[in-house]
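Next comes final06.txt, with compact mmCIF, C-alpha atoms.
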# COMPACT_ATOMS: atom_id res chain seq x y z
CA MET A 1 -3.23 -5.48 37.49
CA THR A 2 -4.84 -6.27 40.78
CA THR A 3 -8.08 -6.27 42.63
CA ILE A 4 -8.22 -4.52 45.99
CA ILE A 5 -11.27 -3.44 47.90
CA GLY A 6 -12.07 -1.65 51.11
CA ILE A 7 -15.36 -1.69 52.99
CA LYS A 8 -16.46 0.49 55.89
CA THR A 9 -18.87 -0.97 58.44
CA LYS A 10 -20.37 0.21 61.70
CA GLU A 11 -17.91 -2.12 63.46
CA GLY A 12 -14.72 -1.08 61.65
CA VAL A 13 -13.16 -1.63 58.25
CA VAL A 14 -12.38 -4.62 56.03
CA LEU A 15 -9.72 -4.67 53.32
CA GLY A 16 -9.44 -7.38 50.68
CA SER A 17 -7.07 -8.22 47.86
CA ASP A 18 -6.00 -10.89 45.42
CA LYS A 19 -2.45 -12.28 45.45
CA ARG A 20 -1.28 -12.04 41.84
CA ALA A 21 1.64 -9.89 40.74
CA SER A 22 1.81 -9.53 36.97
CA LYS A 23 4.89 -9.07 34.79
CA GLY A 24 3.21 -8.23 31.52
CA PHE A 25 1.47 -11.42 30.35
CA PHE A 26 3.43 -13.44 32.90
CA ILE A 27 2.41 -14.12 36.50
CA GLY A 28 5.36 -12.82 38.46
CA SER A 29 4.14 -14.00 41.84
CA LYS A 30 1.20 -15.96 43.21
CA ILE A 31 1.67 -15.06 46.87
CA THR A 32 1.95 -11.26 46.86
CA GLN A 33 0.97 -9.34 49.98
CA LYS A 34 -1.04 -6.36 48.76
CA ILE A 35 -2.33 -5.29 52.14
CA ALA A 36 0.28 -3.51 54.23
CA LYS A 37 -0.29 -2.78 57.88
CA VAL A 38 0.95 0.62 59.00
CA ASP A 39 0.11 -0.21 62.61
CA ASP A 40 -2.67 -1.93 64.58
CA THR A 41 -5.25 0.70 63.59
CA LEU A 42 -4.29 1.51 60.01
CA ALA A 43 -3.62 -0.49 56.84
CA VAL A 44 -3.19 0.22 53.17
CA ALA A 45 -4.32 -1.92 50.22
CA ILE A 46 -1.99 -1.49 47.28
CA ALA A 47 -2.64 -1.33 43.54
CA GLY A 48 0.11 -0.34 41.14
CA GLN A 49 3.85 -0.30 41.57
CA LEU A 50 4.54 -2.29 44.72
CA SER A 51 7.92 -0.66 45.36
CA ASP A 52 6.44 2.84 45.25
CA ALA A 53 3.62 1.82 47.56
CA GLU A 54 5.96 0.14 50.01
CA TYR A 55 8.01 3.32 50.22
CA LEU A 56 4.94 5.45 50.90
CA VAL A 57 3.77 3.05 53.59
CA LYS A 58 7.20 3.12 55.25
CA VAL A 59 7.19 6.90 55.38
CA ALA A 60 3.64 6.93 56.73
CA LYS A 61 4.66 4.44 59.39
CA ALA A 62 7.60 6.58 60.57
CA GLU A 63 5.66 9.82 60.43
CA ARG A 64 2.74 8.39 62.39
CA ARG A 65 5.05 7.23 65.16
CA LEU A 66 6.82 10.58 65.31
CA VAL A 67 3.60 12.57 65.45
CA GLU A 68 2.10 10.34 68.12
CA LEU A 69 5.21 10.71 70.28
CA ARG A 70 5.22 14.47 69.77
CA ARG A 71 1.61 15.26 70.50
CA GLY A 72 0.62 12.34 72.71
CA PHE A 73 -2.21 10.91 70.61
CA PRO A 74 -2.20 9.24 67.18
CA LEU A 75 -3.04 10.64 63.77
CA SER A 76 -6.60 10.11 62.62
CA VAL A 77 -7.20 8.00 59.51
CA LYS A 78 -7.90 11.13 57.49
CA GLU A 79 -4.74 12.86 58.69
CA SER A 80 -2.71 9.77 57.76
CA THR A 81 -4.32 9.63 54.31
CA ARG A 82 -3.64 13.31 53.68
CA LEU A 83 -0.02 12.77 54.67
CA ILE A 84 0.37 9.93 52.17
CA SER A 85 -1.46 11.75 49.39
CA ASN A 86 0.69 14.88 49.83
CA LEU A 87 3.75 12.72 49.33
CA ALA A 88 2.19 11.14 46.26
CA TYR A 89 1.33 14.58 44.90
CA SER A 90 4.86 15.88 45.37
CA GLY A 91 6.05 12.94 43.27
CA LEU A 92 3.63 13.84 40.49
CA LYS A 93 4.75 17.48 40.47
CA ASN A 94 8.40 16.43 40.24
CA TYR A 95 7.71 14.34 37.13
CA GLN A 96 8.54 11.19 39.12
CA PRO A 97 5.12 10.00 40.14
CA TYR A 98 4.52 7.16 42.55
CA PHE A 99 2.55 4.76 40.35
CA VAL A 100 0.02 3.79 42.96
CA GLU A 101 -3.61 3.79 43.86
CA LEU A 102 -4.06 3.14 47.54
CA LEU A 103 -7.05 2.25 49.65
CA VAL A 104 -6.35 3.51 53.14
CA GLY A 105 -8.48 1.81 55.80
CA GLY A 106 -8.37 2.28 59.52
CA VAL A 107 -10.12 3.09 62.75
CA ASP A 108 -9.88 6.11 65.05
CA GLY A 109 -11.96 7.87 67.69
CA ASP A 110 -14.72 8.46 65.14
CA GLY A 111 -14.97 4.82 63.98
CA GLY A 112 -13.87 3.18 60.73
CA HIS A 113 -12.84 5.04 57.57
CA ILE A 114 -11.97 4.12 53.99
CA TYR A 115 -10.11 6.65 51.85
CA VAL A 116 -8.86 6.42 48.29
CA ALA A 117 -5.50 8.08 47.67
CA ASP A 118 -3.69 7.95 44.35
CA MET A 119 -0.72 9.55 42.63
CA SER A 120 -2.82 12.58 41.64
CA GLY A 121 -2.88 13.57 45.32
CA ALA A 122 -6.66 13.50 45.55
CA VAL A 123 -8.32 12.05 48.64
CA THR A 124 -11.90 10.83 48.75
CA GLY A 125 -13.68 9.26 51.69
CA GLU A 126 -15.86 6.29 50.72
CA ASP A 127 -18.24 3.73 52.26
CA PHE A 128 -16.63 1.13 50.03
CA ALA A 129 -14.09 1.28 47.24
CA ALA A 130 -12.25 -0.94 44.78
CA SER A 131 -9.16 -0.39 42.74
CA GLY A 132 -6.90 -2.13 40.23
CA SER A 133 -7.75 -3.84 36.95
CA GLY A 134 -10.43 -5.97 38.62
CA ALA A 135 -12.19 -2.99 40.17
CA PRO A 136 -15.06 -2.69 37.65
CA ILE A 137 -16.03 -6.30 38.32
CA ALA A 138 -15.60 -5.99 42.09
CA TYR A 139 -17.70 -2.82 42.07
CA GLY A 140 -20.54 -4.78 40.46
CA VAL A 141 -20.67 -7.05 43.50
CA LEU A 142 -20.14 -4.24 46.03
CA GLU A 143 -22.84 -2.01 44.51
CA SER A 144 -25.40 -4.82 44.58
CA VAL A 145 -24.93 -5.99 48.17
CA TYR A 146 -23.42 -3.15 50.25
CA ASN A 147 -25.41 -1.24 52.82
CA ASN A 148 -24.16 0.71 55.81
CA GLU A 149 -25.78 -1.61 58.36
CA ILE A 150 -23.50 -4.59 57.70
CA THR A 151 -21.21 -6.14 60.30
CA ASN A 152 -17.51 -6.85 59.86
CA GLU A 153 -18.32 -10.51 59.32
CA GLN A 154 -20.75 -9.69 56.52
CA ALA A 155 -18.21 -7.29 55.05
CA GLN A 156 -15.63 -10.08 54.98
CA GLU A 157 -18.08 -12.24 52.99
CA ILE A 158 -18.80 -9.39 50.58
CA ALA A 159 -15.09 -8.70 50.18
CA THR A 160 -14.42 -12.35 49.43
CA LYS A 161 -17.28 -12.44 46.91
CA ALA A 162 -16.16 -9.26 45.17
CA VAL A 163 -12.51 -10.31 44.85
CA THR A 164 -13.55 -13.82 43.74
CA ALA A 165 -15.79 -12.39 41.01
CA ALA A 166 -12.97 -10.16 39.79
CA MET A 167 -10.49 -13.06 39.76
CA GLU A 168 -12.91 -15.09 37.59
CA ARG A 169 -12.95 -12.55 34.72
CA ASP A 170 -9.92 -10.27 35.16
CA PRO A 171 -6.67 -11.82 33.90
CA GLY A 172 -4.66 -9.40 36.06
CA SER A 173 -6.09 -10.84 39.28
CA GLY A 174 -6.03 -14.29 40.81
CA ASN A 175 -4.22 -16.84 42.97
CA GLY A 176 -6.21 -16.40 46.16
CA ILE A 177 -7.53 -13.82 48.53
CA ASP A 178 -6.21 -11.85 51.51
CA ILE A 179 -8.62 -10.24 53.96
CA LEU A 180 -7.76 -7.86 56.79
CA THR A 181 -10.30 -6.70 59.35
CA ILE A 182 -9.70 -3.81 61.73
CA PRO A 183 -12.39 -3.56 64.41
CA ASN A 184 -13.32 -0.20 65.97
CA LEU A 185 -12.29 -1.41 69.41
CA LEU A 186 -8.63 -1.35 68.36
CA ALA A 187 -8.79 2.43 68.05
CA VAL A 188 -6.72 4.18 70.66
CA VAL A 189 -9.38 6.07 72.55
CA ARG A 190 -7.83 9.25 73.86
CA SER A 191 -9.06 10.87 77.02
CA ASN A 192 -11.20 13.77 75.99
CA PRO A 193 -11.63 16.34 78.75
CA LYS A 194 -13.57 18.48 76.28
CA LYS A 195 -16.38 15.95 76.05
CA GLU A 196 -16.18 15.10 79.74
CA ALA A 197 -16.67 18.75 80.59
CA LYS A 198 -19.93 18.78 78.64
CA ARG A 199 -21.45 15.96 80.65
CA MET B 1 18.63 46.58 78.37
CA SER B 2 21.95 45.47 79.72
CA GLU B 3 24.62 44.40 77.28
CA GLU B 4 26.29 42.13 79.80
CA GLY B 5 24.82 38.83 80.83
CA GLY B 6 24.24 38.48 84.55
CA THR B 7 27.04 39.12 86.99
CA ALA B 8 29.54 36.69 85.47
CA PRO B 9 32.90 38.17 84.47
CA ASN B 10 33.22 38.40 80.73
CA ASN B 11 36.65 38.01 79.27
CA ASN B 12 35.42 38.27 75.72
CA ASN B 13 38.12 39.94 73.68
CA SER B 14 36.89 39.22 70.18
CA ASN B 15 35.65 41.91 67.83
CA PHE B 16 32.49 39.99 67.03
CA GLY B 17 29.15 41.13 68.30
CA PHE B 18 28.43 38.21 70.56
CA SER B 19 29.52 37.69 74.09
CA GLY B 20 30.84 34.20 74.40
CA THR B 21 33.77 33.77 76.73
CA THR B 22 37.24 32.58 75.84
CA ASN B 23 38.35 29.76 78.09
CA ASN B 24 41.91 28.90 79.13
CA LYS B 25 42.42 26.83 75.99
CA GLY B 26 41.67 29.86 73.90
CA TYR B 27 38.49 28.91 72.07
CA MET B 28 35.06 30.36 72.41
CA SER B 29 32.65 28.91 74.89
CA TYR B 30 29.02 29.81 75.30
CA TYR B 31 28.98 28.62 78.85
CA GLY B 32 29.76 30.90 81.72
CA PRO B 33 30.88 29.99 85.21
CA GLY B 34 28.92 27.10 86.70
CA GLY B 35 27.75 25.92 83.28
CA ARG B 36 25.33 28.80 82.85
CA MET B 37 24.43 30.06 79.42
CA LEU B 38 25.05 33.77 79.68
CA LEU B 39 23.28 34.80 76.51
CA VAL B 40 20.17 32.89 77.47
CA GLU B 41 20.26 34.42 80.94
CA SER B 42 20.52 37.86 79.40
CA ALA B 43 17.50 37.09 77.26
CA LEU B 44 15.56 35.97 80.33
CA GLU B 45 16.59 39.18 82.06
CA ALA B 46 15.24 41.19 79.13
CA VAL B 47 11.98 39.23 79.36
CA SER B 48 11.71 39.98 83.07
CA ARG B 49 11.65 43.67 82.16
CA GLY B 50 8.95 43.26 79.52
CA SER B 51 5.31 44.06 80.10
CA THR B 52 3.45 41.90 82.63
CA THR B 53 1.77 39.04 80.83
CA ILE B 54 -0.51 36.31 82.14
CA GLY B 55 -2.02 33.00 81.07
CA ILE B 56 -4.77 31.18 82.97
CA LYS B 57 -6.38 27.83 82.15
CA THR B 58 -9.25 25.74 83.55
CA PRO B 59 -10.87 22.69 81.88
CA THR B 60 -13.46 25.00 80.23
CA PHE B 61 -11.30 27.84 78.91
CA ALA B 62 -7.77 29.15 78.44
CA LEU B 63 -6.95 32.85 78.42
CA THR B 64 -4.03 35.15 77.81
CA SER B 65 -3.81 38.72 79.01
CA SER B 66 -1.08 41.28 78.71
CA TYR B 67 -0.38 44.74 80.02
CA ILE B 68 -0.23 47.29 77.24
CA LYS B 69 2.25 50.01 78.11
CA PRO B 70 0.83 53.51 77.70
CA THR B 71 2.42 55.28 74.75
CA ARG B 72 2.82 58.89 73.75
CA PRO B 73 -0.27 60.71 72.55
CA LEU B 74 -1.04 60.19 68.85
CA MET B 75 0.76 56.80 68.90
CA GLU B 76 -1.10 53.52 68.96
CA PRO B 77 0.22 50.92 71.40
CA SER B 78 1.44 47.72 69.80
CA GLU B 79 -0.87 44.71 69.76
CA LYS B 80 -0.02 42.10 72.40
CA ILE B 81 -2.58 39.32 71.89
CA PHE B 82 -2.07 37.26 68.75
CA THR B 83 -4.25 34.71 67.01
CA ILE B 84 -2.06 31.79 65.86
CA ASP B 85 -4.84 29.78 64.24
CA GLY B 86 -8.59 29.60 64.83
CA HIS B 87 -8.22 27.56 68.00
CA VAL B 88 -4.93 28.89 69.39
CA GLY B 89 -3.75 32.27 70.59
CA ALA B 90 -0.57 33.60 72.13
CA THR B 91 0.97 36.52 73.88
CA GLY B 92 4.49 37.31 74.96
CA SER B 93 6.86 39.43 76.95
CA GLY B 94 10.29 40.73 75.98
CA TYR B 95 11.49 42.57 72.88
CA ILE B 96 8.44 43.08 70.72
CA GLY B 97 10.41 42.30 67.55
CA ASP B 98 11.47 38.94 68.97
CA ILE B 99 7.91 38.22 70.08
CA LEU B 100 6.58 38.96 66.61
CA GLN B 101 9.18 36.66 65.07
CA SER B 102 8.09 33.82 67.35
CA ILE B 103 4.43 34.51 66.60
CA ASP B 104 5.13 34.31 62.85
CA GLU B 105 6.95 31.04 63.37
CA LEU B 106 3.93 29.63 65.24
CA ARG B 107 1.46 30.84 62.61
CA ILE B 108 3.43 29.28 59.79
CA GLU B 109 3.73 25.97 61.65
CA ALA B 110 -0.04 25.94 62.24
CA GLN B 111 -0.72 26.41 58.52
CA LYS B 112 1.92 23.82 57.59
CA HIS B 113 0.08 21.28 59.73
CA ARG B 114 -3.18 22.10 57.94
CA LEU B 115 -1.44 21.51 54.62
CA THR B 116 0.18 18.19 55.52
CA PHE B 117 -2.55 16.65 57.67
CA GLU B 118 -5.68 18.61 56.70
CA SER B 119 -6.47 19.20 60.36
CA PRO B 120 -5.90 21.92 62.95
CA ILE B 121 -2.60 21.58 64.78
CA ASP B 122 -2.52 20.42 68.40
CA VAL B 123 -1.05 22.85 70.92
CA ALA B 124 1.73 20.49 72.06
CA SER B 125 3.15 20.29 68.52
CA LEU B 126 3.10 24.09 68.23
CA VAL B 127 4.90 24.47 71.53
CA LYS B 128 7.52 21.89 70.63
CA HIS B 129 8.16 23.60 67.32
CA LEU B 130 8.65 26.99 68.97
CA SER B 131 10.85 25.35 71.57
CA SER B 132 13.21 23.90 68.97
CA TYR B 133 13.13 27.15 66.98
CA LEU B 134 14.28 29.07 70.05
CA HIS B 135 16.76 26.38 71.00
CA THR B 136 18.70 26.80 67.74
CA TYR B 137 19.57 30.34 68.88
CA THR B 138 21.34 28.91 71.94
CA ILE B 139 23.83 26.76 70.04
CA TYR B 140 25.23 29.25 67.52
CA ALA B 141 26.99 32.57 67.88
CA VAL B 142 23.79 34.55 67.65
CA ARG B 143 21.59 36.51 70.00
CA PRO B 144 18.89 34.30 71.58
CA GLN B 145 15.39 35.63 71.14
CA ALA B 146 14.50 37.78 74.13
CA ALA B 147 10.89 36.66 74.29
CA SER B 148 8.87 34.37 76.50
CA ILE B 149 5.65 33.26 74.85
CA ILE B 150 2.44 32.10 76.51
CA ILE B 151 0.29 29.91 74.27
CA ALA B 152 -3.38 29.16 74.96
CA GLY B 153 -5.59 26.91 72.88
CA THR B 154 -7.82 23.88 72.61
CA ASP B 155 -7.35 20.55 70.86
CA GLN B 156 -8.39 16.89 71.17
CA MET B 157 -6.79 16.81 74.61
CA GLY B 158 -8.84 19.76 75.92
CA THR B 159 -7.75 23.27 76.87
CA GLN B 160 -4.01 23.87 76.82
CA LEU B 161 -1.71 26.46 78.35
CA TYR B 162 2.05 26.60 77.85
CA GLN B 163 4.92 28.97 78.49
CA VAL B 164 7.99 28.86 76.25
CA ASP B 165 11.22 30.59 77.35
CA PRO B 166 14.11 31.98 75.27
CA GLY B 167 16.30 28.90 75.79
CA GLY B 168 13.61 26.60 74.41
CA THR B 169 12.44 25.41 77.81
CA TYR B 170 8.69 25.03 77.98
CA PHE B 171 6.19 24.48 80.76
CA ARG B 172 2.62 23.22 80.81
CA GLY B 173 0.31 24.44 83.53
CA SER B 174 -2.81 26.18 84.75
CA ALA B 175 -1.38 29.66 85.21
CA PHE B 176 1.75 31.56 84.14
CA THR B 177 3.01 35.09 84.60
CA ILE B 178 5.98 36.62 82.81
CA GLY B 179 7.45 40.09 82.48
CA GLN B 180 7.91 42.90 84.92
CA PHE B 181 6.88 42.19 88.54
CA SER B 182 5.46 38.88 87.40
CA ASP B 183 6.20 37.38 90.84
CA SER B 184 3.66 39.59 92.57
CA ALA B 185 1.12 38.86 89.82
CA LEU B 186 1.73 35.13 90.25
CA ASN B 187 1.30 35.43 94.02
CA LEU B 188 -2.18 36.85 93.61
CA ILE B 189 -3.15 34.28 91.00
CA GLN B 190 -1.88 31.42 93.17
CA GLN B 191 -4.07 32.68 96.01
CA GLU B 192 -7.24 33.17 94.00
CA TYR B 193 -7.06 30.54 91.25
CA SER B 194 -9.53 27.68 91.32
CA GLY B 195 -10.18 25.00 88.73
CA ASP B 196 -13.88 25.77 88.55
CA MET B 197 -13.69 29.54 88.26
CA THR B 198 -15.67 31.18 85.45
CA ALA B 199 -14.01 32.93 82.52
CA GLU B 200 -15.27 36.29 83.80
CA GLN B 201 -13.67 35.64 87.20
CA ALA B 202 -10.39 34.68 85.54
CA ILE B 203 -10.42 37.80 83.37
CA GLN B 204 -10.98 39.98 86.44
CA LEU B 205 -8.25 38.08 88.31
CA SER B 206 -5.75 38.64 85.52
CA LYS B 207 -6.63 42.34 85.38
CA LYS B 208 -6.24 42.61 89.15
CA ALA B 209 -2.90 40.80 89.01
CA ILE B 210 -1.59 43.14 86.31
CA GLU B 211 -2.92 46.13 88.25
CA ARG B 212 -0.99 44.99 91.29
CA ALA B 213 2.17 44.22 89.32
CA VAL B 214 2.40 47.51 87.48
CA GLY B 215 1.00 49.57 90.37
CA GLU B 216 -1.27 51.48 88.07
CA ASP B 217 -4.96 52.26 88.38
CA LYS B 218 -7.07 50.70 85.58
CA PRO B 219 -4.17 49.68 83.34
CA LEU B 220 -4.76 49.01 79.65
CA VAL B 221 -4.90 45.21 79.27
CA GLY B 222 -5.23 43.10 76.14
CA ILE B 223 -7.12 39.83 76.57
CA GLY B 224 -7.65 36.76 74.40
CA ILE B 225 -9.71 33.72 75.36
CA VAL B 226 -10.67 30.33 73.96
CA TYR B 227 -13.47 28.14 75.35
CA ALA B 228 -13.25 24.34 75.17
CA GLU B 229 -16.86 24.17 74.04
CA GLU B 230 -16.48 26.66 71.20
CA GLY B 231 -12.86 26.05 70.22
CA ILE B 232 -12.29 29.54 68.78
CA PHE B 233 -9.66 31.94 70.12
CA LYS B 234 -11.10 35.43 70.43
CA LYS B 235 -9.55 38.76 71.30
CA LEU B 236 -11.69 40.76 73.69
Take the structure I supplied and represent it as structure tokens, if you would.
Amino acid sequence: MTTIIGIKTKEGVVLGSDKRASKGFFIGSKITQKIAKVDDTLAVAIAGQLSDAEYLVKVAKAERRLVELRRGFPLSVKESTRLISNLAYSGLKNYQPYFVELLVGGVDGDGGHIYVADMSGAVTGEDFAASGSGAPIAYGVLESVYNNEITNEQAQEIATKAVTAAMERDPGSGNGIDILTIPNLLAVVRSNPKKEAKR
Amino acid sequence: MSEEGGTAPNNNNSNFGFSGTTNNKGYMSYYGPGGRMLLVESALEAVSRGSTTIGIKTPTFALTSSYIKPTRPLMEPSEKIFTIDGHVGATGSGYIGDILQSIDELRIEAQKHRLTFESPIDVASLVKHLSSYLHTYTIYAVRPQAASIIIAGTDQMGTQLYQVDPGGTYFRGSAFTIGQFSDSALNLIQQEYSGDMTAEQAIQLSKKAIERAVGEDKPLVGIGIVYAEEGIFKKL
């Protein structure tokens, strides 16, 4: 019961969500934060069990810091997603799945990335993605207006439109919109002697 | 190899197979006089008698080369250059069994990284893992691994060269020599190394350094090299 979306642009990534938390047919909360920042360059949009997702995000946060300290440069978005999805998969195999579908969005040396990671452990890289009960409606908007030339500003408009459309017809979504934009320039650009040597 | 560590007096009177020392309070201590770790020093001594082994790095390549001791006829000499993963290689000096154990540890860590992050491991993480693996042998009543390992590879940060010692100490640098007469090999490399030398020049330099160290004409040398451009560790 949620609508979350992620959009990749040439300038970075945009994540969007509604704010409703459902308790069956009851609205449990109208001000839920469904977009969790892991750090300045990575965020996760959450659909499913919030507690499970929060735990996964916490682990990802700690692991990312540890790895960056160890090797001297941060994990890429893909590496971070694989880390989270492996954890999710181990839950599934232990018959205690994390009931989540996550949209991982972030920027690294290669630009912006959107990945979908769920409790099955599968990871897919996407230009744009939606998840939660409002996803079919949001996808209708995304499919009709997305192209890979859009700016972050345009992506924000599309995200707002898509979540709004979903909130109109999906009873599991509503109560306002959150948008998070991560521009490419936030990516920690590591010194790359390999590329310098080529020049 | 010597059973005793260094020149320190050893008042070990236990029946166990390790040589800690009993201090005046009567319990075992792994420190010798002056705070030295005798077992680790013994391991380093064993390494200094191993075959001469070299690592050289410039921004465009990193190479490892190792002297292969001539064996009896009909016996094949043991392999000294090891691929850790596609982009990293290693070599070592010391007891070959201990070297192989460290190599296995590195290989497994490289594959673990591929499983958890779906990307090739960076050399610094490999080195730090080996360092902590070796370090555990210095805090228990066991024999530290008598092997120094030289690791050469490439990653996002460019070409990498490290040396890891039996105590877990590691060094990053442009050239290392370990094993027998490694000082004289290092002398030559210090004189002739330059940051813009070609791979061929470095290979010849390492061969010359080993030749000088072992005092043998045309010694058998194993070589492995990885180029920054290509990113694949190859045994020559």
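The nearest approach to A:Gly106 among the residues A:Leu42, A:Ala187, A:Ile31, A:Ala165, with only C-alpha atoms taken into account, belongs to A:Leu42.
Those residues positioned at most 8 Å from (-5.8, 18.2, 49.9) are Arg82, Ser85, Asn86, Gly121, Ala122 and Val123 of chain A; Leu115 and Glu118 of chain B, judged using all atoms listed in the file.
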Looking at B:Gly179, B:Gly32, B:Pro144, B:Gly153, which one is nearest to B:Gly167, with distances taken over all atoms listed in the file?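 Closest candidate: B:Pro144.
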Please provide the set of residues having any atom within 6 Å of stretch 176-180 of chain A, restricted to all atoms listed in the file, with same-chain residues fewer than 3 positions apart removed, written as a list in words.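 Final neighbour list, sorted by chain and number: Val14, Leu15, Gly16, Ser17, Asp18 and Lys19 of chain A.
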Any idea which chain B residues end up within 9 Å of chain A if we count all atoms listed in the file, as a CSV table (one decimal) with C-alpha atoms, in the coordinates of the input please?
chain,number,residue,atom,x,y,z
B,59,PRO,CA,-10.9,22.7,81.9
B,60,THR,CA,-13.5,25.0,80.2
B,115,LEU,CA,-1.4,21.5,54.6
B,116,THR,CA,0.2,18.2,55.5
B,117,PHE,CA,-2.6,16.6,57.7
B,118,GLU,CA,-5.7,18.6,56.7
B,119,SER,CA,-6.5,19.2,60.4
B,122,ASP,CA,-2.5,20.4,68.4
B,123,VAL,CA,-1.0,22.8,70.9
B,124,ALA,CA,1.7,20.5,72.1
B,125,SER,CA,3.2,20.3,68.5
B,128,LYS,CA,7.5,21.9,70.6
B,154,THR,CA,-7.8,23.9,72.6
B,155,ASP,CA,-7.4,20.6,70.9
B,156,GLN,CA,-8.4,16.9,71.2
B,157,MET,CA,-6.8,16.8,74.6
B,158,GLY,CA,-8.8,19.8,75.9
B,159,THR,CA,-7.8,23.3,76.9
B,228,ALA,CA,-13.2,24.3,75.2
B,229,GLU,CA,-16.9,24.2,74.0
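Residues in contact with stretch 181-186 of chain A at 9 Å, where only C-alpha atoms are counted and same-chain residues fewer than 4 positions away are skipped, are listed as A:Lys10, A:Glu11, A:Gly12, A:Val13, A:Val14, A:Leu15, A:Gly16, A:Asp40, A:Thr41, A:Leu42, A:Ala43, A:Gly105, A:Gly106, A:Val107, A:Asp108, A:Gly109, A:Asp110, A:Gly111, A:Gly112, A:Asn152, A:Glu153, A:Gln156.
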Can you tell me, as a list in words, what residues are no more than 9 Å from B:Gly173 when counting only C-alpha atoms, ignoring any on the same chain fewer than 6 positions away?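 Residues near the query, excluding close chain neighbours: Ile56, Lys57, Gln160, Leu161, Tyr162 and Gln163 of chain B.
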Filled-in N, CA and C atoms of stretch 29-42 of chain B, supplied as a PDB file, in the coordinates of the input:
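That gives us out.pdb:
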ATOM      1  N   SER B  29      33.586  29.769  74.188  1.00  0.00           N
ATOM      2  CA  SER B  29      32.650  28.910  74.890  1.00  0.00           C
ATOM      3  C   SER B  29      31.407  29.715  75.193  1.00  0.00           C
ATOM      4  N   TYR B  30      30.259  29.093  75.026  1.00  0.00           N
ATOM      5  CA  TYR B  30      29.020  29.810  75.300  1.00  0.00           C
ATOM      6  C   TYR B  30      28.557  29.589  76.719  1.00  0.00           C
ATOM      7  N   TYR B  31      29.321  28.822  77.453  1.00  0.00           N
ATOM      8  CA  TYR B  31      28.980  28.620  78.850  1.00  0.00           C
ATOM      9  C   TYR B  31      29.749  29.595  79.724  1.00  0.00           C
ATOM     10  N   GLY B  32      29.092  30.051  80.744  1.00  0.00           N
ATOM     11  CA  GLY B  32      29.760  30.900  81.720  1.00  0.00           C
ATOM     12  C   GLY B  32      30.136  30.065  82.914  1.00  0.00           C
ATOM     13  N   PRO B  33      30.524  30.719  83.997  1.00  0.00           N
ATOM     14  CA  PRO B  33      30.880  29.990  85.210  1.00  0.00           C
ATOM     15  C   PRO B  33      29.694  29.149  85.694  1.00  0.00           C
ATOM     16  N   GLY B  34      29.979  27.956  86.167  1.00  0.00           N
ATOM     17  CA  GLY B  34      28.920  27.100  86.700  1.00  0.00           C
ATOM     18  C   GLY B  34      28.050  26.507  85.611  1.00  0.00           C
ATOM     19  N   GLY B  35      28.516  26.521  84.363  1.00  0.00           N
ATOM     20  CA  GLY B  35      27.750  25.920  83.280  1.00  0.00           C
ATOM     21  C   GLY B  35      26.526  26.719  82.862  1.00  0.00           C
ATOM     22  N   ARG B  36      26.494  27.983  83.225  1.00  0.00           N
ATOM     23  CA  ARG B  36      25.330  28.800  82.850  1.00  0.00           C
ATOM     24  C   ARG B  36      25.502  29.337  81.436  1.00  0.00           C
ATOM     25  N   MET B  37      24.378  29.489  80.763  1.00  0.00           N
ATOM     26  CA  MET B  37      24.430  30.060  79.420  1.00  0.00           C
ATOM     27  C   MET B  37      24.119  31.546  79.538  1.00  0.00           C
ATOM     28  N   LEU B  38      25.163  32.339  79.388  1.00  0.00           N
ATOM     29  CA  LEU B  38      25.050  33.770  79.680  1.00  0.00           C
ATOM     30  C   LEU B  38      24.089  34.475  78.740  1.00  0.00           C
ATOM     31  N   LEU B  39      24.157  34.117  77.466  1.00  0.00           N
ATOM     32  CA  LEU B  39      23.280  34.800  76.510  1.00  0.00           C
ATOM     33  C   LEU B  39      21.823  34.519  76.792  1.00  0.00           C
ATOM     34  N   VAL B  40      21.546  33.261  77.159  1.00  0.00           N
ATOM     35  CA  VAL B  40      20.170  32.890  77.470  1.00  0.00           C
ATOM     36  C   VAL B  40      19.715  33.614  78.733  1.00  0.00           C
ATOM     37  N   GLU B  41      20.625  33.713  79.706  1.00  0.00           N
ATOM     38  CA  GLU B  41      20.260  34.420  80.940  1.00  0.00           C
ATOM     39  C   GLU B  41      19.997  35.894  80.676  1.00  0.00           C
ATOM     40  N   SER B  42      20.770  36.460  79.767  1.00  0.00           N
ATOM     41  CA  SER B  42      20.520  37.860  79.400  1.00  0.00           C
ATOM     42  C   SER B  42      19.149  38.001  78.761  1.00  0.00           C
TER      43      SER B  42
END
